[in-house]
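Shown below: coords-v4.cif, with mmCIF, C-alpha atoms.
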data_model
#
loop_
_atom_site.label_atom_id
_atom_site.label_comp_id
_atom_site.auth_asym_id
_atom_site.auth_seq_id
_atom_site.Cartn_x
_atom_site.Cartn_y
_atom_site.Cartn_z
CA MET A 106 19.50 67.64 -15.02
CA ARG A 107 18.96 64.60 -17.22
CA LEU A 108 21.03 61.45 -17.49
CA SER A 109 22.01 62.32 -21.04
CA ASN A 110 23.54 65.57 -19.76
CA PHE A 111 26.42 63.79 -18.08
CA ILE A 112 26.54 60.18 -19.26
CA VAL A 113 29.16 59.76 -21.96
CA ARG A 114 27.48 58.05 -24.88
CA GLU A 115 30.62 56.33 -26.14
CA ALA A 116 31.37 54.91 -22.69
CA ILE A 117 28.05 53.14 -22.14
CA ILE A 118 28.52 49.41 -21.58
CA PRO A 119 25.46 47.37 -22.63
CA ALA A 120 26.81 44.17 -21.11
CA LEU A 121 29.57 44.11 -18.53
CA SER A 122 32.18 41.44 -19.01
CA VAL A 123 32.29 40.82 -15.26
CA ASN A 124 30.74 37.51 -14.29
CA ALA A 125 28.89 36.78 -11.11
CA PRO A 126 31.11 35.01 -8.58
CA HIS A 127 30.26 31.61 -7.22
CA GLY A 128 30.07 32.91 -3.70
CA CYS A 129 28.96 36.14 -2.10
CA ASP A 130 31.69 36.31 0.52
CA PRO A 131 33.24 39.72 1.13
CA ALA A 132 36.34 38.93 -0.89
CA SER A 133 34.30 37.91 -3.93
CA VAL A 134 32.12 41.00 -3.67
CA ALA A 135 35.21 43.20 -3.39
CA GLN A 136 36.62 41.61 -6.53
CA VAL A 137 33.39 42.22 -8.38
CA LYS A 138 33.31 45.83 -7.29
CA GLU A 139 36.84 46.44 -8.45
CA ALA A 140 36.25 44.71 -11.77
CA VAL A 141 33.02 46.62 -12.48
CA ILE A 142 34.48 49.97 -11.55
CA HIS A 143 37.65 49.33 -13.52
CA GLU A 144 35.70 48.36 -16.62
CA MET A 145 33.51 51.46 -16.38
CA VAL A 146 36.38 53.87 -15.75
CA SER A 147 38.32 52.28 -18.60
CA ALA A 148 35.34 52.88 -20.87
CA LEU A 149 35.48 56.57 -20.02
CA GLN A 150 39.18 56.56 -20.77
CA GLU A 151 38.67 54.80 -24.09
CA ALA A 152 36.02 57.37 -24.92
CA GLY A 153 38.64 60.04 -24.44
CA HIS A 154 37.23 61.67 -21.33
CA ILE A 155 40.03 60.80 -18.92
CA HIS A 156 43.72 60.15 -19.40
CA ALA A 157 45.06 56.61 -19.26
CA GLU A 158 47.45 57.53 -16.45
CA ASP A 159 44.49 58.61 -14.27
CA VAL A 160 42.49 55.40 -14.56
CA ASN A 161 44.04 53.54 -11.66
CA GLU A 162 43.86 56.51 -9.32
CA ILE A 163 40.22 57.11 -10.14
CA VAL A 164 39.42 53.43 -9.62
CA LYS A 165 41.16 53.58 -6.25
CA ALA A 166 39.22 56.68 -5.24
CA ILE A 167 35.90 55.09 -6.14
CA LEU A 168 36.82 51.90 -4.28
CA ARG A 169 37.84 53.97 -1.27
CA ARG A 170 34.45 55.62 -1.41
CA GLU A 171 32.81 52.18 -1.56
CA GLN A 172 34.66 51.16 1.58
CA LEU A 173 33.06 54.05 3.43
CA GLY A 174 29.60 52.85 2.50
CA THR A 175 28.13 50.96 -0.39
CA THR A 176 26.63 52.81 -3.32
CA GLY A 177 24.38 49.85 -4.03
CA ILE A 178 21.25 51.77 -3.06
CA GLY A 179 18.82 48.94 -3.63
CA ARG A 180 16.28 48.02 -6.31
CA ASN A 181 19.14 46.50 -8.35
CA ILE A 182 20.81 49.87 -8.84
CA ALA A 183 24.29 51.03 -7.86
CA ILE A 184 25.85 54.47 -8.28
CA PRO A 185 29.61 54.15 -7.68
CA HIS A 186 31.01 57.65 -7.62
CA SER A 187 33.84 59.83 -6.49
CA ARG A 188 35.26 63.28 -6.79
CA HIS A 189 38.58 63.48 -8.54
CA PRO A 190 40.76 66.28 -9.89
CA ALA A 191 41.35 64.39 -13.14
CA VAL A 192 38.03 65.70 -14.47
CA ASP A 193 37.04 69.32 -14.88
CA ARG A 194 33.34 68.63 -15.17
CA LEU A 195 30.92 65.96 -14.10
CA ILE A 196 31.02 62.88 -16.30
CA GLY A 197 29.48 59.47 -15.98
CA THR A 198 28.78 56.22 -17.67
CA MET A 199 26.20 53.49 -17.44
CA ALA A 200 26.65 49.72 -17.53
CA LEU A 201 24.28 46.79 -17.47
CA SER A 202 24.89 43.36 -16.06
CA ARG A 203 22.91 40.56 -17.63
CA THR A 204 23.36 38.20 -14.70
CA GLY A 205 23.21 40.60 -11.80
CA LEU A 206 26.24 41.19 -9.61
CA PRO A 207 26.64 41.32 -5.84
CA PHE A 208 27.54 44.84 -4.77
CA ASP A 209 26.85 44.96 -1.03
CA SER A 210 23.53 46.57 -1.80
CA LEU A 211 21.49 48.04 1.03
CA ASP A 212 18.66 45.61 0.27
CA GLY A 213 20.97 42.64 -0.28
CA GLU A 214 19.91 42.23 -3.91
CA VAL A 215 22.22 41.92 -6.89
CA VAL A 216 22.77 44.90 -9.18
CA TYR A 217 21.80 45.01 -12.86
CA VAL A 218 22.22 48.72 -13.53
CA PHE A 219 25.35 50.68 -12.67
CA VAL A 220 25.77 54.42 -13.09
CA LEU A 221 29.29 55.64 -12.38
CA LEU A 222 29.94 59.33 -11.70
CA ILE A 223 33.16 61.30 -11.47
CA SER A 224 33.06 64.97 -10.63
CA PRO A 225 35.57 67.65 -9.76
CA HIS A 226 35.91 68.67 -6.15
CA ASP A 227 34.48 72.12 -6.57
CA ARG A 228 31.09 71.20 -8.02
CA PRO A 229 29.10 69.54 -5.22
CA GLY A 230 25.86 70.88 -6.68
CA ASP A 231 26.39 69.11 -9.98
CA HIS A 232 27.28 65.93 -8.14
CA LEU A 233 24.12 66.02 -6.03
CA ARG A 234 21.92 66.87 -9.02
CA ALA A 235 23.37 64.01 -11.02
CA LEU A 236 22.65 61.61 -8.18
CA GLU A 237 19.12 62.96 -8.04
CA ALA A 238 18.73 62.49 -11.78
CA VAL A 239 19.79 58.86 -11.46
CA VAL A 240 17.44 58.23 -8.57
CA ARG A 241 14.56 59.98 -10.34
CA ALA A 242 15.02 57.85 -13.42
CA MET A 243 15.47 54.61 -11.54
CA ARG A 244 12.34 55.10 -9.50
CA ASN A 245 10.40 54.51 -12.69
CA ASP A 246 9.95 50.78 -13.04
CA ASP A 247 8.99 51.03 -16.70
CA PHE A 248 12.13 52.98 -17.50
CA VAL A 249 14.30 50.44 -15.68
CA ARG A 250 12.57 47.55 -17.43
CA ARG A 251 13.14 49.12 -20.82
CA LEU A 252 16.71 49.97 -19.92
CA ARG A 253 17.48 46.40 -18.92
CA ASN A 254 16.01 45.17 -22.17
CA CYS A 255 18.42 47.29 -24.20
CA GLN A 256 21.02 45.24 -26.03
CA THR A 257 23.23 47.90 -27.55
CA ARG A 258 24.85 51.17 -26.60
CA GLU A 259 22.71 52.99 -29.14
CA GLU A 260 19.51 51.55 -27.72
CA ILE A 261 20.50 52.72 -24.26
CA TRP A 262 21.42 56.17 -25.52
CA THR A 263 18.16 56.49 -27.43
CA LEU A 264 16.25 55.56 -24.30
CA LEU A 265 18.18 58.08 -22.19
CA GLU A 266 17.65 60.86 -24.67
CA GLY A 267 14.00 60.10 -25.14
CA ALA A 268 13.18 59.58 -21.49
CA SER A 269 10.46 61.74 -20.04
CA PRO A 270 11.91 64.67 -18.10
CA GLU A 271 10.02 63.49 -15.03
CA TRP A 272 12.22 60.40 -15.02
CA MET B 144 8.82 72.03 -20.71
CA VAL B 145 8.69 72.67 -17.00
CA ASN B 146 8.09 70.47 -14.00
CA ALA B 147 5.71 70.95 -11.10
CA VAL B 148 7.87 73.58 -9.45
CA GLY B 149 8.41 75.53 -12.62
CA ARG B 150 11.91 74.36 -13.42
CA PRO B 151 12.65 74.11 -17.09
CA TYR B 152 14.08 70.76 -18.03
CA ASP B 153 15.80 71.70 -21.19
CA ARG B 154 18.56 73.84 -19.77
CA PRO B 155 22.09 72.45 -19.80
CA TYR B 156 22.84 71.03 -16.39
CA SER B 157 25.67 73.47 -15.82
CA GLN B 158 23.14 76.27 -15.58
CA TYR B 159 21.70 74.79 -12.42
CA GLU B 160 24.81 75.35 -10.35
CA GLU B 161 23.84 78.82 -9.27
CA GLU B 162 20.13 78.16 -9.06
CA PRO B 163 18.56 79.46 -5.85
CA ARG B 164 18.12 76.79 -3.24
CA GLY B 165 14.76 75.16 -3.18
CA THR B 166 13.90 75.47 -6.84
CA ALA B 167 16.09 72.82 -8.40
CA MET B 168 14.46 69.78 -6.89
CA SER B 169 12.08 67.42 -8.50
CA GLY B 170 11.80 64.36 -6.29
CA ARG B 171 8.60 62.69 -5.28
CA GLY B 172 7.77 65.35 -2.74
CA ALA B 173 7.41 68.07 -5.37
CA SER B 174 3.69 68.30 -5.01
CA ASN B 175 3.35 67.87 -1.29
CA GLY B 176 2.14 71.39 -0.76
CA SER B 177 3.56 73.94 1.59
CA GLY B 178 6.54 73.05 3.69
CA PRO B 179 6.52 73.12 7.43
CA ARG B 180 8.04 76.56 7.86
CA GLU B 181 4.60 78.05 7.42
CA SER B 182 3.33 76.07 10.36
CA LEU B 183 6.23 76.70 12.69
CA SER B 184 5.29 78.87 15.63
CA PRO B 185 6.81 82.37 15.46
CA GLY B 186 9.40 81.74 18.10
CA PRO B 187 11.22 78.76 16.62
CA ARG B 188 10.80 80.04 13.11
CA ALA B 189 12.62 83.20 14.04
CA GLN B 190 15.49 81.36 15.63
CA THR B 191 18.78 81.80 13.89
CA PRO B 192 20.62 78.56 13.32
CA PRO B 193 24.03 78.31 15.00
CA ALA B 194 26.60 80.36 13.19
CA ALA B 195 29.48 78.03 13.85
CA SER B 196 29.82 74.33 14.36
CA GLY B 197 30.69 74.82 18.03
CA ASP B 198 27.53 76.73 18.80
CA PRO B 199 24.73 74.94 20.60
CA PRO B 200 21.96 73.68 18.35
CA ALA B 201 18.65 75.47 18.23
CA PRO B 202 16.18 73.92 20.67
CA ALA B 203 13.56 71.56 19.34
CA THR B 204 10.24 73.08 18.50
CA ASP B 205 7.28 71.80 20.42
CA CYS B 206 4.39 72.12 18.04
CA PRO B 207 1.04 73.25 19.41
CA ALA B 208 -0.20 69.75 18.64
CA ALA B 209 2.98 67.83 19.26
CA SER B 210 1.32 64.45 19.01
CA SER B 211 0.37 65.12 15.40
CA CYS B 212 3.25 67.18 14.08
CA GLY B 213 6.16 66.01 16.22
CA LEU B 214 9.26 68.06 16.83
CA ARG B 215 10.91 70.26 14.28
CA ARG B 216 14.24 71.94 13.97
CA ILE B 217 15.93 74.08 11.38
CA VAL B 218 19.34 72.65 10.55
CA ARG B 219 22.03 74.14 8.39
CA VAL B 220 23.88 71.46 6.42
CA ARG B 221 27.55 72.34 6.82
CA ASN B 222 28.96 69.32 5.10
CA PRO B 223 30.92 70.71 2.15
CA ASN B 224 29.38 68.06 -0.08
CA GLY B 225 25.84 68.78 1.05
CA LEU B 226 23.48 65.98 1.98
CA HIS B 227 25.32 63.41 -0.07
CA PRO B 228 24.66 59.65 0.02
CA ARG B 229 27.18 58.87 2.74
CA LEU B 230 25.69 61.49 5.01
CA ALA B 231 22.21 60.27 4.13
CA ASP B 232 23.26 56.73 5.00
CA ARG B 233 24.69 57.92 8.32
CA PHE B 234 21.44 59.70 9.07
CA ILE B 235 19.40 56.59 8.30
CA ARG B 236 21.61 54.41 10.48
CA THR B 237 21.29 56.89 13.32
CA LEU B 238 17.54 57.11 12.90
CA LYS B 239 17.28 53.34 13.25
CA GLN B 240 18.65 53.65 16.78
CA PHE B 241 15.47 55.40 17.87
CA SER B 242 11.78 54.59 17.97
CA CYS B 243 10.69 57.42 15.75
CA THR B 244 10.25 58.51 12.18
CA ALA B 245 11.84 61.53 10.55
CA THR B 246 10.88 63.78 7.68
CA ILE B 247 13.31 66.23 6.12
CA TRP B 248 12.09 69.31 4.27
CA ASN B 249 14.16 71.25 1.80
CA GLY B 250 11.99 74.15 0.78
CA GLU B 251 8.78 72.66 -0.53
CA MET B 252 10.33 69.23 -0.97
CA ARG B 253 10.12 66.58 1.70
CA ALA B 254 11.77 63.23 2.18
CA ASP B 255 11.22 60.20 4.34
CA GLY B 256 14.27 60.27 6.58
CA ALA B 257 14.56 56.49 6.42
CA ASN B 258 14.69 56.30 2.64
CA ILE B 259 18.01 57.00 0.94
CA TRP B 260 16.32 57.44 -2.44
CA ASP B 261 14.14 60.16 -0.95
CA LEU B 262 17.07 61.85 0.75
CA ILE B 263 19.15 61.90 -2.44
CA SER B 264 16.16 63.37 -4.26
CA LEU B 265 16.15 66.39 -1.97
CA VAL B 266 19.40 67.76 -3.47
CA VAL B 267 20.45 69.55 -0.30
CA LEU B 268 23.39 71.77 -1.22
CA PRO B 269 26.13 72.80 1.21
CA GLU B 270 25.02 75.52 3.62
CA SER B 271 21.36 74.89 2.89
CA GLU B 272 18.86 75.19 5.70
CA ILE B 273 16.56 72.23 6.00
CA ILE B 274 13.86 71.33 8.47
CA LEU B 275 14.06 68.13 10.43
CA GLU B 276 10.74 66.83 11.71
CA VAL B 277 10.70 63.88 14.10
CA HIS B 278 7.71 61.88 15.24
CA GLY B 279 7.39 59.12 17.77
CA PRO B 280 8.00 58.21 21.38
CA ASP B 281 11.74 58.82 21.06
CA ALA B 282 11.39 62.13 19.22
CA ALA B 283 12.61 64.35 22.02
CA ARG B 284 15.62 62.13 22.59
CA ALA B 285 16.38 61.65 18.90
CA ILE B 286 16.15 65.14 17.52
CA ASP B 287 19.41 66.40 19.03
CA THR B 288 21.35 63.44 17.69
CA LEU B 289 19.73 63.55 14.27
CA ALA B 290 20.24 67.29 13.94
CA GLU B 291 23.87 66.82 14.90
CA VAL B 292 24.33 64.26 12.12
CA LEU B 293 22.78 66.55 9.53
CA GLY B 294 24.47 69.72 10.72
CA SER B 295 27.92 68.42 11.46
CA PRO B 296 30.65 69.51 9.06
CA GLY B 297 31.77 65.92 9.18
CA GLY B 298 35.26 64.82 9.91
CA GLU B 299 35.05 62.62 6.85
CA ASP B 300 37.22 62.45 3.78
CA TYR B 301 35.80 65.16 1.55
CA THR B 302 38.16 64.40 -1.29
CA ILE B 303 36.22 61.39 -2.57
#

If you took the structure in this file and wrote it as structure tokens, what would it be?
Amino acid sequence: MRLSNFIVREAIIPALSVNAPHGCDPASVAQVKEAVIHEMVSALQEAGHIHAEDVNEIVKAILRREQLGTTGIGRNIAIPHSRHPAVDRLIGTMALSRTGLPFDSLDGEVVYVFVLLISPHDRPGDHLRALEAVVRAMRNDDFVRRLRNCQTREEIWTLLEGASPEW
Amino acid sequence: MVNAVGRPYDRPYSQYEEEPRGTAMSGRGASNGSGPRESLSPGPRAQTPPAASGDPPAPATDCPAASSCGLRRIVRVRNPNGLHPRLADRFIRTLKQFSCTATIWNGEMRADGANIWDLISLVVLPESEIILEVHGPDAARAIDTLAEVLGSPGGEDYTI
């Protein structure tokens, strides 16, 4: 599986509107998480991949998942995700933060690259393979550097489509 | 184009859903050579994993050269979401309680049990059999607990 198989092109966010908080206290981090996830889920809705009435429930599900353990897996990457019946196939989006955002990451670092995944309940294999695809790509420092240098949605999409399969 | 284990990359992702276990992985362990099943002694290798969650776990395998290869156990992952990040995180946190290292094999793929990126890369599907290999002074004490974490159906919220 490749990132371009499940990331919705029209929902890619080249620069999140969420700003870094002044502090990194738990309340501030929780606010950042909610804002990032809401912006990304809304992008999927605006791209026509989920219904407007499902946005809040999906955001809640992803936040509930975050409460069980952070998806900030380190190296400035986070993969907020959840299963939800509002989708009938795995979909995802990608967002970049220019400033870096606190996300309770395992290594304590801020996050610059977010990949959000939503999958139906009955496709655990797709979900796991998508996570693997994200991790495989993000292990490549050159790919991440080029990704973070992208300024537009189209640049990001071109990079995703042209990425080496090994990434 | 194919990767090191012969998987074509250009198929739509939906075609991977029914792919046989052990062929759909492409993490960093793809070229690590043969997995540990080949080196398991006949007895442990032939052991059938517990059929139900209440069954006792298979005993740890004492390798002929235990100091070099540690203890190994076949574990069936019963979590309905497979070895997903939360379960991987739980495994890592449990591992940190012991003075040992762990390697997990899924077919020919292996992962450092302390590295969540490695564990995600294994793509362990529900009901897969994996091999847990534990090294270190705490290995004998740790393997039961670690196998329990990996093999437990959970008790977690599977809906998210």

Neighbours of segment 277-292 of chain B within 7 Å (all atoms listed in the file; same-chain residues fewer than 3 positions away dropped), as a PyMOL selection string? chain B and resi 213-215+218+234+237-238+241-246+295

For a test of reading the model, state the distance in Å between atom CA of Ser224 of chain A and atom CA of Arg194 of chain A, rounded to one decimal.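 Interatomic distance, atom CA of Ser224 of chain A to atom CA of Arg194 of chain A: 5.8 Å.
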
What is the atom CA of Ala257 of chain B to atom CA of Ile274 of chain B distance in Å?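 Distance reported for this atom pair: 15.0 Å.
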
Sorted by chain and rising residue number, which residues of chain A lie within 6 Å of chain B, and what are their closest atom pairs and distances in Å to one decimal, counting only C-alpha atoms, as JSON lines?
{"residue": "A:Met106", "atom": "CA", "partner": "B:Tyr156", "partner_atom": "CA", "distance": 5.0}
{"residue": "A:Ser187", "atom": "CA", "partner": "B:Ile303", "partner_atom": "CA", "distance": 4.8}
{"residue": "A:Arg188", "atom": "CA", "partner": "B:Ile303", "partner_atom": "CA", "distance": 4.7}
{"residue": "A:Pro229", "atom": "CA", "partner": "B:Asn224", "partner_atom": "CA", "distance": 5.4}
{"residue": "A:Gly230", "atom": "CA", "partner": "B:Glu160", "partner_atom": "CA", "distance": 5.9}
{"residue": "A:Leu233", "atom": "CA", "partner": "B:Val266", "partner_atom": "CA", "distance": 5.6}
{"residue": "A:Glu237", "atom": "CA", "partner": "B:Ser264", "partner_atom": "CA", "distance": 4.8}

With C-alpha atoms retained, export the selected residues as a tab-separated table (two decimals), keeping the file's coordinate frame.
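Saved result, again-v6.tsv, follows:
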chain	number	residue	atom	x	y	z
A	106	MET	CA	19.50	67.64	-15.02
A	187	SER	CA	33.84	59.83	-6.49
A	188	ARG	CA	35.26	63.28	-6.79
A	229	PRO	CA	29.10	69.54	-5.22
A	230	GLY	CA	25.86	70.88	-6.68
A	233	LEU	CA	24.12	66.02	-6.03
A	237	GLU	CA	19.12	62.96	-8.04

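The spacing separating atom CA of Ala140 of chain A from atom CA of Glu266 of chain A amounts to 27.8 Å.
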
Which neighbours of Asp159 of chain A fall inside 10 Å, counting all atoms listed in the file, when residues of the same chain fewer than 3 positions from it are skipped, and could you give them as JSON, numbers by chain? {"A": [146, 147, 150, 155, 156, 162, 163, 164, 189, 190, 191, 192]}

Please provide the set of residues having any atom within 12 Å of segment 113-122 of chain A, restricted to all atoms listed in the file, with same-chain residues fewer than 4 positions apart removed, written as JSON, numbers by chain. {"A": [108, 109, 137, 138, 140, 141, 142, 143, 144, 145, 146, 147, 148, 149, 150, 151, 152, 153, 154, 155, 194, 195, 196, 197, 198, 199, 200, 201, 202, 203, 204, 205, 206, 216, 217, 218, 219, 220, 221, 222, 223, 252, 253, 254, 255, 256, 257, 258, 259, 260, 261, 262, 263, 264, 265, 266]}
